[in-house]
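Asker: Provided below: entry00.csv, containing CSV, C-alpha atoms.
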chain,number,residue,atom,x,y,z
A,1,MET,CA,0.0,0.0,0.0
A,2,VAL,CA,1.0,3.6,-0.6
A,3,THR,CA,-0.6,6.8,0.6
A,4,ILE,CA,-1.9,9.7,-1.4
A,5,ARG,CA,-2.6,13.1,0.1
A,6,ILE,CA,-5.7,14.7,-1.4
A,7,PRO,CA,-6.0,18.4,-2.0
A,8,SER,CA,-8.6,20.1,0.1
A,9,PRO,CA,-11.2,20.8,-2.6
A,10,LEU,CA,-11.2,17.2,-3.7
A,11,ARG,CA,-11.6,15.7,-0.2
A,12,ALA,CA,-15.4,15.9,-0.8
A,13,TYR,CA,-14.9,12.9,-3.0
A,14,THR,CA,-12.9,10.8,-0.5
A,15,GLY,CA,-15.3,11.1,2.3
A,16,GLU,CA,-13.4,14.1,3.7
A,17,GLN,CA,-10.2,12.0,4.1
A,18,ALA,CA,-7.1,14.0,3.6
A,19,VAL,CA,-4.9,10.9,3.2
A,20,VAL,CA,-6.0,7.6,1.5
A,21,GLU,CA,-4.3,4.3,0.9
A,22,VAL,CA,-4.1,2.7,-2.5
A,23,ASP,CA,-2.3,-0.1,-4.3
A,24,GLY,CA,0.1,0.2,-7.2
A,25,ALA,CA,3.6,-0.7,-8.3
A,26,THR,CA,3.9,2.6,-10.2
A,27,ILE,CA,2.5,6.1,-9.7
A,28,GLY,CA,0.3,5.6,-12.7
A,29,ALA,CA,-1.2,2.4,-11.3
A,30,ALA,CA,-1.6,4.0,-7.9
A,31,LEU,CA,-3.6,6.9,-9.4
A,32,GLU,CA,-5.7,4.5,-11.4
A,33,ASP,CA,-6.5,2.6,-8.2
A,34,LEU,CA,-7.3,5.9,-6.5
A,35,THR,CA,-9.9,6.7,-9.2
A,36,VAL,CA,-11.4,3.2,-9.0
A,37,ARG,CA,-11.8,3.6,-5.2
A,38,TYR,CA,-13.1,7.1,-5.5
A,39,PRO,CA,-14.6,7.4,-9.1
A,40,GLU,CA,-15.8,11.0,-8.7
A,41,LEU,CA,-12.1,12.1,-8.6
A,42,ARG,CA,-11.4,11.0,-12.1
A,43,GLN,CA,-12.9,13.9,-14.1
A,44,HIS,CA,-11.0,16.4,-12.0
A,45,LEU,CA,-7.6,14.6,-12.3
A,46,TYR,CA,-7.8,13.3,-15.9
A,47,GLU,CA,-8.7,14.6,-19.3
A,48,GLY,CA,-9.2,11.5,-21.3
A,49,GLN,CA,-6.3,9.2,-20.4
A,50,GLU,CA,-3.9,12.0,-19.5
A,51,LEU,CA,-3.5,13.8,-16.2
A,52,ARG,CA,-4.9,17.3,-16.5
A,53,ASN,CA,-2.1,19.8,-17.1
A,54,PHE,CA,-2.7,21.6,-13.8
A,55,VAL,CA,-2.5,18.4,-11.7
A,56,ASN,CA,0.9,18.0,-10.2
A,57,VAL,CA,1.9,14.8,-8.4
A,58,PHE,CA,4.8,14.7,-5.9
A,59,LEU,CA,6.6,11.6,-4.5
A,60,GLY,CA,7.8,12.9,-1.2
A,61,GLU,CA,9.3,16.3,-2.1
A,62,GLU,CA,9.9,15.5,-5.8
A,63,ASP,CA,7.7,16.5,-8.7
A,64,ILE,CA,7.2,13.2,-10.7
A,65,ARG,CA,7.9,15.2,-13.9
A,66,PHE,CA,11.6,15.1,-12.7
A,67,LEU,CA,11.4,11.3,-12.1
A,68,ASP,CA,9.9,8.9,-14.5
A,69,GLY,CA,6.5,10.5,-14.5
A,70,LEU,CA,3.6,8.0,-14.2
A,71,ASP,CA,6.1,5.1,-14.8
A,72,THR,CA,8.0,5.9,-11.6
A,73,GLY,CA,8.1,2.8,-9.4
A,74,LEU,CA,6.7,2.8,-5.9
A,75,ASP,CA,7.7,0.9,-2.7
A,76,ALA,CA,5.3,0.0,0.0
A,77,GLY,CA,4.8,2.9,2.4
A,78,ASP,CA,5.7,5.6,-0.2
A,79,SER,CA,3.7,8.9,0.1
A,80,LEU,CA,2.3,10.7,-2.9
A,81,ARG,CA,0.7,14.1,-2.9
A,82,ILE,CA,-1.6,15.7,-5.5
A,83,ILE,CA,-1.2,19.4,-5.8
A,84,PRO,CA,-3.2,21.5,-8.3
A,85,SER,CA,-1.4,24.4,-10.0
A,86,ILE,CA,-3.4,27.5,-9.4
A,87,ALA,CA,-3.8,29.7,-12.5
A,88,GLY,CA,-6.3,32.2,-13.8
A,89,GLY,CA,-6.7,35.2,-16.0
A,90,ARG,CA,-9.1,37.4,-17.7
A,91,ALA,CA,-10.6,36.8,-21.2
A,92,GLY,CA,-8.8,38.4,-24.1
A,93,ARG,CA,-5.2,39.4,-24.7
A,94,GLU,CA,-5.7,43.1,-25.5
A,95,ARG,CA,-3.5,45.3,-23.3
A,96,VAL,CA,-5.3,48.2,-21.8
A,97,PRO,CA,-3.1,51.4,-21.5
A,98,PRO,CA,-1.9,51.7,-17.9
A,99,LEU,CA,-3.5,54.9,-16.6
A,100,ARG,CA,-3.1,54.5,-12.9
A,101,GLN,CA,-5.5,56.6,-10.9
A,102,GLU,CA,-3.8,59.0,-8.4
B,1,MET,CA,-23.6,28.3,-0.3
B,2,PRO,CA,-22.9,32.0,0.4
B,3,VAL,CA,-19.3,33.2,0.9
B,4,ARG,CA,-18.7,35.5,3.9
B,5,ILE,CA,-15.8,37.9,4.2
B,6,ASN,CA,-15.3,40.8,6.6
B,7,GLN,CA,-14.7,44.3,5.3
B,8,ASP,CA,-11.2,44.5,6.6
B,9,LEU,CA,-10.1,41.4,4.7
B,10,GLN,CA,-11.9,42.6,1.6
B,11,ALA,CA,-10.1,45.9,1.9
B,12,ARG,CA,-6.7,44.1,2.2
B,13,ILE,CA,-7.4,42.1,-0.9
B,14,PHE,CA,-8.4,45.3,-2.8
B,15,HIS,CA,-5.3,47.0,-1.7
B,16,HIS,CA,-3.1,44.1,-2.8
B,17,LEU,CA,-4.7,43.9,-6.2
B,18,GLU,CA,-4.5,47.6,-6.7
B,19,GLN,CA,-0.8,47.4,-6.1
B,20,THR,CA,-0.3,44.6,-8.6
B,21,TRP,CA,-2.3,46.5,-11.3
B,22,PRO,CA,-1.8,46.6,-14.3
B,23,ASN,CA,-0.8,43.0,-13.8
B,24,GLU,CA,-2.8,40.3,-12.2
B,25,GLY,CA,-2.4,39.5,-8.5
B,26,GLY,CA,-3.7,36.8,-6.2
B,27,GLY,CA,-3.5,34.8,-3.1
B,28,PHE,CA,-5.1,32.1,-1.0
B,29,LEU,CA,-8.2,32.2,1.2
B,30,LEU,CA,-8.1,30.2,4.4
B,31,GLY,CA,-11.4,29.8,6.4
B,32,GLU,CA,-14.1,27.6,7.6
B,33,VAL,CA,-17.1,25.9,6.0
B,34,SER,CA,-20.3,25.6,8.1
B,35,GLN,CA,-23.8,24.6,7.3
B,36,ASP,CA,-24.8,28.0,6.1
B,37,ALA,CA,-21.7,29.7,4.7
B,38,ALA,CA,-18.0,29.4,3.7
B,39,THR,CA,-16.3,32.1,5.8
B,40,VAL,CA,-13.0,33.6,4.9
B,41,ARG,CA,-10.8,34.0,8.0
B,42,GLU,CA,-7.5,34.9,6.3
B,43,CYS,CA,-6.1,36.0,3.0
B,44,ILE,CA,-2.5,35.4,2.0
B,45,ALA,CA,-1.0,37.1,-0.9
B,46,VAL,CA,1.1,34.8,-3.2
B,47,GLU,CA,3.6,35.9,-5.8
B,48,ASN,CA,2.4,35.7,-9.5
B,49,VAL,CA,4.9,33.3,-11.1
B,50,PHE,CA,3.5,33.5,-14.6
B,51,GLU,CA,5.9,34.7,-17.3
B,52,ALA,CA,6.4,38.4,-16.6
B,53,ALA,CA,5.3,39.6,-20.1
B,54,GLU,CA,2.0,37.8,-19.7
B,55,GLN,CA,1.1,38.8,-16.2
B,56,TYR,CA,-1.2,41.6,-17.4
B,57,HIS,CA,-3.8,38.8,-18.2
B,58,ARG,CA,-2.4,35.7,-16.4
B,59,TYR,CA,-1.8,34.6,-12.9
B,60,ALA,CA,-0.2,31.5,-11.5
B,61,MET,CA,1.2,30.2,-8.2
B,62,THR,CA,3.7,27.4,-7.6
B,63,PRO,CA,2.6,24.0,-6.3
B,64,GLN,CA,5.0,24.7,-3.4
B,65,ASP,CA,2.8,27.7,-2.4
B,66,TRP,CA,-0.3,25.4,-2.4
B,67,MET,CA,1.6,22.8,-0.3
B,68,ARG,CA,2.8,25.3,2.2
B,69,LEU,CA,-0.6,27.0,2.7
B,70,GLU,CA,-2.6,23.7,2.8
B,71,ASP,CA,-0.2,22.4,5.5
B,72,GLU,CA,-0.7,25.6,7.4
B,73,ALA,CA,-4.5,25.4,7.1
B,74,ASP,CA,-4.6,21.8,8.2
B,75,ARG,CA,-2.3,22.5,11.1
B,76,ARG,CA,-4.5,25.3,12.3
B,77,GLY,CA,-7.8,23.5,11.8
B,78,LEU,CA,-8.8,25.7,8.9
B,79,THR,CA,-9.6,24.9,5.3
B,80,LEU,CA,-7.9,26.0,2.2
B,81,LEU,CA,-11.1,27.6,1.1
B,82,GLY,CA,-10.2,29.1,-2.2
B,83,TYR,CA,-8.2,31.8,-3.9
B,84,TYR,CA,-8.6,35.3,-5.1
B,85,HIS,CA,-7.2,37.0,-8.1
B,86,SER,CA,-7.7,40.2,-10.2
B,87,HIS,CA,-8.9,40.9,-13.7
B,88,PRO,CA,-7.2,44.1,-14.5
B,89,ASP,CA,-9.4,46.4,-16.6
B,90,SER,CA,-11.8,43.5,-17.2
B,91,PRO,CA,-15.0,42.3,-15.5
B,92,ALA,CA,-14.9,40.0,-12.5
B,93,ILE,CA,-16.3,37.1,-14.5
B,94,PRO,CA,-14.4,33.8,-14.9
B,95,SER,CA,-12.8,33.2,-18.2
B,96,ASP,CA,-12.5,29.9,-20.0
B,97,TYR,CA,-8.9,29.9,-18.8
B,98,ASP,CA,-10.1,30.2,-15.2
B,99,ARG,CA,-12.5,27.3,-15.8
B,100,GLU,CA,-9.9,25.0,-17.4
B,101,HIS,CA,-7.7,25.4,-14.3
B,102,ALA,CA,-10.4,25.3,-11.7
B,103,LEU,CA,-11.5,22.8,-9.1
B,104,PRO,CA,-15.0,22.3,-7.6
B,105,ASN,CA,-15.6,22.9,-3.9
B,106,PHE,CA,-13.3,25.9,-4.1
B,107,VAL,CA,-14.2,29.5,-3.7
B,108,TYR,CA,-12.9,31.8,-6.5
B,109,LEU,CA,-13.0,35.5,-5.6
B,110,ILE,CA,-12.4,37.6,-8.7
B,111,THR,CA,-11.9,41.4,-8.4
B,112,GLU,CA,-12.2,43.8,-11.3
B,113,VAL,CA,-9.5,46.5,-11.1
B,114,GLN,CA,-10.1,49.4,-13.4
B,115,ALA,CA,-7.2,51.8,-13.9
B,116,GLY,CA,-5.6,50.8,-10.6
B,117,ALA,CA,-8.8,51.0,-8.5
B,118,ALA,CA,-10.7,47.9,-7.3
B,119,GLN,CA,-14.3,48.1,-8.5
B,120,GLU,CA,-16.1,44.9,-7.8
B,121,MET,CA,-15.5,41.5,-6.1
B,122,LEU,CA,-17.6,38.5,-7.1
B,123,ALA,CA,-17.6,35.0,-5.8
B,124,TRP,CA,-17.7,31.9,-8.0
B,125,ARG,CA,-17.7,28.2,-7.7
B,126,LEU,CA,-17.1,25.6,-10.4
B,127,ARG,CA,-19.9,23.1,-11.1
B,128,THR,CA,-19.1,19.5,-10.2
B,129,ASP,CA,-19.3,18.5,-13.9
B,130,ARG,CA,-16.8,21.3,-14.7
B,131,SER,CA,-19.2,22.8,-17.3
B,132,ARG,CA,-19.3,26.3,-15.9
B,133,PHE,CA,-18.9,28.5,-12.9
B,134,ASP,CA,-21.9,29.5,-10.8
B,135,SER,CA,-22.1,32.8,-9.0
B,136,GLU,CA,-22.2,32.7,-5.2
B,137,THR,CA,-23.7,35.3,-2.9
B,138,LEU,CA,-20.9,37.3,-1.4
B,139,GLU,CA,-21.7,38.6,2.1
B,140,VAL,CA,-19.4,41.4,3.2
B,141,VAL,CA,-19.8,41.7,7.0
B,142,CYS,CA,-18.5,44.2,9.6
B,143,ASP,CA,-17.3,41.9,12.4
Would you write out, as structure tokens, the structure that this file holds?

Answerer:
Amino acid sequence: MVTIRIPSPLRAYTGEQAVVEVDGATIGAALEDLTVRYPELRQHLYEGQELRNFVNVFLGEEDIRFLDGLDTGLDAGDSLRIIPSIAGGRAGRERVPPLRQE
Amino acid sequence: MPVRINQDLQARIFHHLEQTWPNEGGGFLLGEVSQDAATVRECIAVENVFEAAEQYHRYAMTPQDWMRLEDEADRRGLTLLGYYHSHPDSPAIPSDYDREHALPNFVYLITEVQAGAAQEMLAWRLRTDRSRFDSETLEVVCD
């Protein structure tokens, strides 16, 4: 078993558990098992078969993009953490002249 | 579910976002969820790490910022309730870009900042099916 720490907004789909246990020999398999156990998570973590681009997964302190990604092997007792990238922005690209009010 | 924030916190957010204009600014909201409202208890400004040339219409935080603030919220018995950001010279309405990067069960406070002056703050929440944002009642209280 490995553990996965769930980001606060998605704990609604894990019965408010912050940390859940799953099975998997790789990170990809562990995340698949997570979405089998908690199916409502899937649409927020995946787009099709790919992780959404704002979903980051850490093994310990390491972003899995700097390891072997979803193919990274896991040992029993490893700890994963899902962290969303926060991003936002207004519609349109036009730049409004900066006329700061005094 | 209404979102409740006191006047002082709202004023702090407005001040921060006026300082970051003409670029976007933002930060996290820590608070509590009860039966009748999501109440903001603290707002924490977080650096915009989006590419500098694009910050006039884009905002991003690092995953490490999320980790740090979520740990702090959990330690203090609070919830990472949501985040705030500005739309410089643009309405406080979520864009498609906002929706693509959003999560449900999270409060999105968007502030329109026109020519360096905060105009309007609106509260939004993503639908569970990710199809759109719904407007939430924002209660600004004096306590």

Asker: Just the residues within 8 Å of Thr3 of chain A, please, counting all atoms listed in the file, with nothing from its chain fewer than 6 positions along; format it as a ChimeraX atom specification.

Answerer: /A:19-22,77-80

Asker: Could you give me, as a compact mmCIF listing (two decimals) with C-alpha atoms, keeping the file's coordinate frame, the residues within 8 Å of segment 7-20 of chain B, counting only C-alpha atoms and dropping anything in the same chain fewer than 2 positions from it?

Answerer:
# COMPACT_ATOMS: atom_id res chain seq x y z
CA ILE B 5 -15.80 37.90 4.20
CA PRO B 22 -1.80 46.60 -14.30
CA ASN B 23 -0.80 43.00 -13.80
CA GLU B 24 -2.80 40.30 -12.20
CA GLY B 25 -2.40 39.50 -8.50
CA GLY B 26 -3.70 36.80 -6.20
CA GLU B 42 -7.50 34.90 6.30
CA CYS B 43 -6.10 36.00 3.00
CA ALA B 45 -1.00 37.10 -0.90
CA HIS B 85 -7.20 37.00 -8.10
CA SER B 86 -7.70 40.20 -10.20
CA THR B 111 -11.90 41.40 -8.40
CA VAL B 113 -9.50 46.50 -11.10
CA GLY B 116 -5.60 50.80 -10.60
CA ALA B 117 -8.80 51.00 -8.50
CA ALA B 118 -10.70 47.90 -7.30
CA VAL B 140 -19.40 41.40 3.20
CA VAL B 141 -19.80 41.70 7.00
CA CYS B 142 -18.50 44.20 9.60
CA ASP B 143 -17.30 41.90 12.40

Asker: Determine, counting all atoms listed in the file, which protein, DNA and RNA residues have an atom within 6 Å of an atom of segment 93-99 of chain B; residues of the same chain fewer than 3 positions away are not included. Present the result as a compact mmCIF listing (two decimals) with C-alpha atoms, keeping the file's coordinate frame.

Answerer:
# COMPACT_ATOMS: atom_id res chain seq x y z
CA GLY A 88 -6.30 32.20 -13.80
CA ARG A 90 -9.10 37.40 -17.70
CA ALA A 91 -10.60 36.80 -21.20
CA ALA B 102 -10.40 25.30 -11.70

Asker: Output the contact residues of chain B with respect to chain A at a cut-off of 9 Å, based on all atoms listed in the file, as a ChimeraX atom specification.

Answerer: /B:21-22,24,50,54-64,66-67,70,79-83,85-106,114-117,128-130

Asker: Which one of B:Ala73, B:Leu78, B:Leu138, B:Val3 sits closest to Ala38 of chain B if you count all atoms listed in the file?

Answerer: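 Under the stated criterion, the closest residue is B:Val3.
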
Asker: When you draw a straight line from atom CA of Leu126 of chain B to atom CA of Leu30 of chain B, how long is it in Å?

Answerer: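 Between these atoms lies a distance of 17.9 Å.
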
Asker: Quick one: pull the distance between atom CA of Leu122 of chain B and atom CA of Ile44 of chain B, Å, one decimal.

Answerer: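 Straight-line distance from atom CA of Leu122 of chain B to atom CA of Ile44 of chain B works out to 17.9 Å.
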
Asker: Out of A:Leu59, A:Leu67, A:Val2, A:Leu31, which residue has the shortest atom-to-atom distance to Tyr46 of chain A when counting only C-alpha atoms?

Answerer: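 Comparing A:Leu59, A:Leu67, A:Val2, A:Leu31 against Tyr46 of chain A, the winner is A:Leu31.
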
Asker: In Å, how far is it from atom CA of Ala29 of chain A to atom CA of Asp71 of chain A?

Answerer: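 Here the two named atoms are 8.5 Å from each other.
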
Asker: For Asp74 of chain B, which of A:Ile6, A:Ile64, A:Leu74, A:Leu34 is the closest residue, counting only C-alpha atoms?

Answerer: A:Ile6

Asker: Just need segment 39-53 of chain A in a file, please: all heavy atoms, as a PDB file, in the first residue's frame.

Answerer:
ATOM      1  N   PRO A  39     -14.374   7.130  -7.640  1.00  0.00           N
ATOM      2  CA  PRO A  39     -14.591   7.442  -9.069  1.00  0.00           C
ATOM      3  C   PRO A  39     -14.862   8.917  -9.360  1.00  0.00           C
ATOM      4  O   PRO A  39     -14.538   9.393 -10.447  1.00  0.00           O
ATOM      5  CB  PRO A  39     -15.809   6.588  -9.432  1.00  0.00           C
ATOM      6  CG  PRO A  39     -15.953   5.581  -8.340  1.00  0.00           C
ATOM      7  CD  PRO A  39     -15.320   6.136  -7.119  1.00  0.00           C
ATOM      8  N   GLU A  40     -15.439   9.635  -8.414  1.00  0.00           N
ATOM      9  CA  GLU A  40     -15.763  11.047  -8.685  1.00  0.00           C
ATOM     10  C   GLU A  40     -14.506  11.904  -8.868  1.00  0.00           C
ATOM     11  O   GLU A  40     -14.572  13.009  -9.388  1.00  0.00           O
ATOM     12  CB  GLU A  40     -16.608  11.628  -7.550  1.00  0.00           C
ATOM     13  CG  GLU A  40     -18.020  11.078  -7.514  1.00  0.00           C
ATOM     14  CD  GLU A  40     -18.748  11.556  -6.267  1.00  0.00           C
ATOM     15  OE1 GLU A  40     -18.288  11.267  -5.151  1.00  0.00           O
ATOM     16  OE2 GLU A  40     -19.775  12.223  -6.427  1.00  0.00           O
ATOM     17  N   LEU A  41     -13.375  11.383  -8.421  1.00  0.00           N
ATOM     18  CA  LEU A  41     -12.129  12.147  -8.584  1.00  0.00           C
ATOM     19  C   LEU A  41     -11.682  12.211 -10.040  1.00  0.00           C
ATOM     20  O   LEU A  41     -10.988  13.147 -10.435  1.00  0.00           O
ATOM     21  CB  LEU A  41     -10.992  11.490  -7.775  1.00  0.00           C
ATOM     22  CG  LEU A  41     -10.964  11.713  -6.273  1.00  0.00           C
ATOM     23  CD1 LEU A  41      -9.844  10.880  -5.656  1.00  0.00           C
ATOM     24  CD2 LEU A  41     -10.742  13.187  -5.968  1.00  0.00           C
ATOM     25  N   ARG A  42     -12.068  11.193 -10.814  1.00  0.00           N
ATOM     26  CA  ARG A  42     -11.438  11.003 -12.120  1.00  0.00           C
ATOM     27  C   ARG A  42     -11.540  12.235 -13.034  1.00  0.00           C
ATOM     28  O   ARG A  42     -10.546  12.673 -13.617  1.00  0.00           O
ATOM     29  CB  ARG A  42     -12.014   9.771 -12.824  1.00  0.00           C
ATOM     30  CG  ARG A  42     -11.272   9.497 -14.103  1.00  0.00           C
ATOM     31  CD  ARG A  42     -11.474   8.145 -14.713  1.00  0.00           C
ATOM     32  NE  ARG A  42     -10.530   8.030 -15.822  1.00  0.00           N
ATOM     33  CZ  ARG A  42      -9.331   7.469 -15.731  1.00  0.00           C
ATOM     34  NH1 ARG A  42      -8.947   6.910 -14.605  1.00  0.00           N
ATOM     35  NH2 ARG A  42      -8.518   7.448 -16.767  1.00  0.00           N
ATOM     36  N   GLN A  43     -12.743  12.792 -13.154  1.00  0.00           N
ATOM     37  CA  GLN A  43     -12.902  13.893 -14.116  1.00  0.00           C
ATOM     38  C   GLN A  43     -12.095  15.129 -13.722  1.00  0.00           C
ATOM     39  O   GLN A  43     -11.807  15.973 -14.570  1.00  0.00           O
ATOM     40  CB  GLN A  43     -14.378  14.258 -14.268  1.00  0.00           C
ATOM     41  CG  GLN A  43     -15.001  14.852 -13.032  1.00  0.00           C
ATOM     42  CD  GLN A  43     -16.401  15.385 -13.313  1.00  0.00           C
ATOM     43  OE1 GLN A  43     -16.687  15.844 -14.408  1.00  0.00           O
ATOM     44  NE2 GLN A  43     -17.269  15.296 -12.324  1.00  0.00           N
ATOM     45  N   HIS A  44     -11.726  15.231 -12.451  1.00  0.00           N
ATOM     46  CA  HIS A  44     -10.959  16.404 -12.028  1.00  0.00           C
ATOM     47  C   HIS A  44      -9.453  16.174 -12.130  1.00  0.00           C
ATOM     48  O   HIS A  44      -8.682  17.124 -12.143  1.00  0.00           O
ATOM     49  CB  HIS A  44     -11.347  16.796 -10.602  1.00  0.00           C
ATOM     50  CG  HIS A  44     -12.813  17.024 -10.464  1.00  0.00           C
ATOM     51  ND1 HIS A  44     -13.471  18.026 -11.155  1.00  0.00           N
ATOM     52  CD2 HIS A  44     -13.773  16.346  -9.781  1.00  0.00           C
ATOM     53  CE1 HIS A  44     -14.765  17.966 -10.875  1.00  0.00           C
ATOM     54  NE2 HIS A  44     -14.963  16.954 -10.049  1.00  0.00           N
ATOM     55  N   LEU A  45      -9.037  14.922 -12.219  1.00  0.00           N
ATOM     56  CA  LEU A  45      -7.611  14.604 -12.318  1.00  0.00           C
ATOM     57  C   LEU A  45      -7.199  14.310 -13.762  1.00  0.00           C
ATOM     58  O   LEU A  45      -6.068  14.609 -14.154  1.00  0.00           O
ATOM     59  CB  LEU A  45      -7.268  13.386 -11.453  1.00  0.00           C
ATOM     60  CG  LEU A  45      -7.522  13.531  -9.943  1.00  0.00           C
ATOM     61  CD1 LEU A  45      -7.140  12.240  -9.228  1.00  0.00           C
ATOM     62  CD2 LEU A  45      -6.741  14.704  -9.364  1.00  0.00           C
ATOM     63  N   TYR A  46      -8.114  13.729 -14.532  1.00  0.00           N
ATOM     64  CA  TYR A  46      -7.765  13.279 -15.891  1.00  0.00           C
ATOM     65  C   TYR A  46      -8.596  14.001 -16.941  1.00  0.00           C
ATOM     66  O   TYR A  46      -9.766  14.329 -16.722  1.00  0.00           O
ATOM     67  CB  TYR A  46      -8.037  11.782 -16.039  1.00  0.00           C
ATOM     68  CG  TYR A  46      -7.059  10.890 -15.324  1.00  0.00           C
ATOM     69  CD1 TYR A  46      -7.301  10.491 -14.020  1.00  0.00           C
ATOM     70  CD2 TYR A  46      -5.898  10.437 -15.954  1.00  0.00           C
ATOM     71  CE1 TYR A  46      -6.407   9.660 -13.349  1.00  0.00           C
ATOM     72  CE2 TYR A  46      -5.008   9.599 -15.294  1.00  0.00           C
ATOM     73  CZ  TYR A  46      -5.271   9.215 -14.001  1.00  0.00           C
ATOM     74  OH  TYR A  46      -4.379   8.396 -13.350  1.00  0.00           O
ATOM     75  N   GLU A  47      -7.964  14.206 -18.094  1.00  0.00           N
ATOM     76  CA  GLU A  47      -8.676  14.618 -19.300  1.00  0.00           C
ATOM     77  C   GLU A  47      -8.423  13.493 -20.289  1.00  0.00           C
ATOM     78  O   GLU A  47      -7.304  13.339 -20.778  1.00  0.00           O
ATOM     79  CB  GLU A  47      -8.124  15.946 -19.805  1.00  0.00           C
ATOM     80  CG  GLU A  47      -8.983  16.568 -20.873  1.00  0.00           C
ATOM     81  CD  GLU A  47      -8.703  18.057 -21.004  1.00  0.00           C
ATOM     82  OE1 GLU A  47      -7.590  18.480 -20.650  1.00  0.00           O
ATOM     83  OE2 GLU A  47      -9.595  18.775 -21.470  1.00  0.00           O
ATOM     84  N   GLY A  48      -9.439  12.671 -20.542  1.00  0.00           N
ATOM     85  CA  GLY A  48      -9.204  11.451 -21.310  1.00  0.00           C
ATOM     86  C   GLY A  48      -8.331  10.520 -20.476  1.00  0.00           C
ATOM     87  O   GLY A  48      -8.628  10.256 -19.318  1.00  0.00           O
ATOM     88  N   GLN A  49      -7.232  10.076 -21.089  1.00  0.00           N
ATOM     89  CA  GLN A  49      -6.329   9.167 -20.382  1.00  0.00           C
ATOM     90  C   GLN A  49      -5.145   9.901 -19.749  1.00  0.00           C
ATOM     91  O   GLN A  49      -4.312   9.285 -19.084  1.00  0.00           O
ATOM     92  CB  GLN A  49      -5.799   8.098 -21.355  1.00  0.00           C
ATOM     93  CG  GLN A  49      -6.879   7.178 -21.922  1.00  0.00           C
ATOM     94  CD  GLN A  49      -7.664   6.470 -20.836  1.00  0.00           C
ATOM     95  OE1 GLN A  49      -7.095   5.847 -19.945  1.00  0.00           O
ATOM     96  NE2 GLN A  49      -9.000   6.580 -20.888  1.00  0.00           N
ATOM     97  N   GLU A  50      -5.075  11.219 -19.985  1.00  0.00           N
ATOM     98  CA  GLU A  50      -3.927  12.003 -19.513  1.00  0.00           C
ATOM     99  C   GLU A  50      -4.293  12.781 -18.256  1.00  0.00           C
ATOM    100  O   GLU A  50      -5.429  13.241 -18.117  1.00  0.00           O
ATOM    101  CB  GLU A  50      -3.501  13.008 -20.602  1.00  0.00           C
ATOM    102  CG  GLU A  50      -3.141  12.382 -21.935  1.00  0.00           C
ATOM    103  CD  GLU A  50      -1.858  11.573 -21.858  1.00  0.00           C
ATOM    104  OE1 GLU A  50      -0.950  11.975 -21.115  1.00  0.00           O
ATOM    105  OE2 GLU A  50      -1.778  10.531 -22.541  1.00  0.00           O
ATOM    106  N   LEU A  51      -3.300  12.936 -17.377  1.00  0.00           N
ATOM    107  CA  LEU A  51      -3.515  13.818 -16.229  1.00  0.00           C
ATOM    108  C   LEU A  51      -3.743  15.236 -16.741  1.00  0.00           C
ATOM    109  O   LEU A  51      -3.098  15.670 -17.697  1.00  0.00           O
ATOM    110  CB  LEU A  51      -2.283  13.819 -15.318  1.00  0.00           C
ATOM    111  CG  LEU A  51      -2.129  12.692 -14.302  1.00  0.00           C
ATOM    112  CD1 LEU A  51      -0.851  12.911 -13.493  1.00  0.00           C
ATOM    113  CD2 LEU A  51      -3.326  12.595 -13.361  1.00  0.00           C
ATOM    114  N   ARG A  52      -4.677  15.946 -16.128  1.00  0.00           N
ATOM    115  CA  ARG A  52      -4.879  17.348 -16.505  1.00  0.00           C
ATOM    116  C   ARG A  52      -3.585  18.122 -16.291  1.00  0.00           C
ATOM    117  O   ARG A  52      -2.825  17.816 -15.366  1.00  0.00           O
ATOM    118  CB  ARG A  52      -6.012  17.969 -15.677  1.00  0.00           C
ATOM    119  CG  ARG A  52      -7.382  17.413 -16.033  1.00  0.00           C
ATOM    120  CD  ARG A  52      -8.487  18.126 -15.281  1.00  0.00           C
ATOM    121  NE  ARG A  52      -9.782  17.614 -15.673  1.00  0.00           N
ATOM    122  CZ  ARG A  52     -10.474  18.029 -16.751  1.00  0.00           C
ATOM    123  NH1 ARG A  52      -9.978  18.983 -17.517  1.00  0.00           N
ATOM    124  NH2 ARG A  52     -11.637  17.504 -17.045  1.00  0.00           N
ATOM    125  N   ASN A  53      -3.381  19.150 -17.132  1.00  0.00           N
ATOM    126  CA  ASN A  53      -2.066  19.804 -17.066  1.00  0.00           C
ATOM    127  C   ASN A  53      -1.854  20.604 -15.786  1.00  0.00           C
ATOM    128  O   ASN A  53      -0.734  20.957 -15.457  1.00  0.00           O
ATOM    129  CB  ASN A  53      -1.800  20.658 -18.318  1.00  0.00           C
ATOM    130  CG  ASN A  53      -2.815  21.751 -18.473  1.00  0.00           C
ATOM    131  OD1 ASN A  53      -3.624  21.981 -17.571  1.00  0.00           O
ATOM    132  ND2 ASN A  53      -2.799  22.429 -19.602  1.00  0.00           N
TER     133      ASN A  53
END
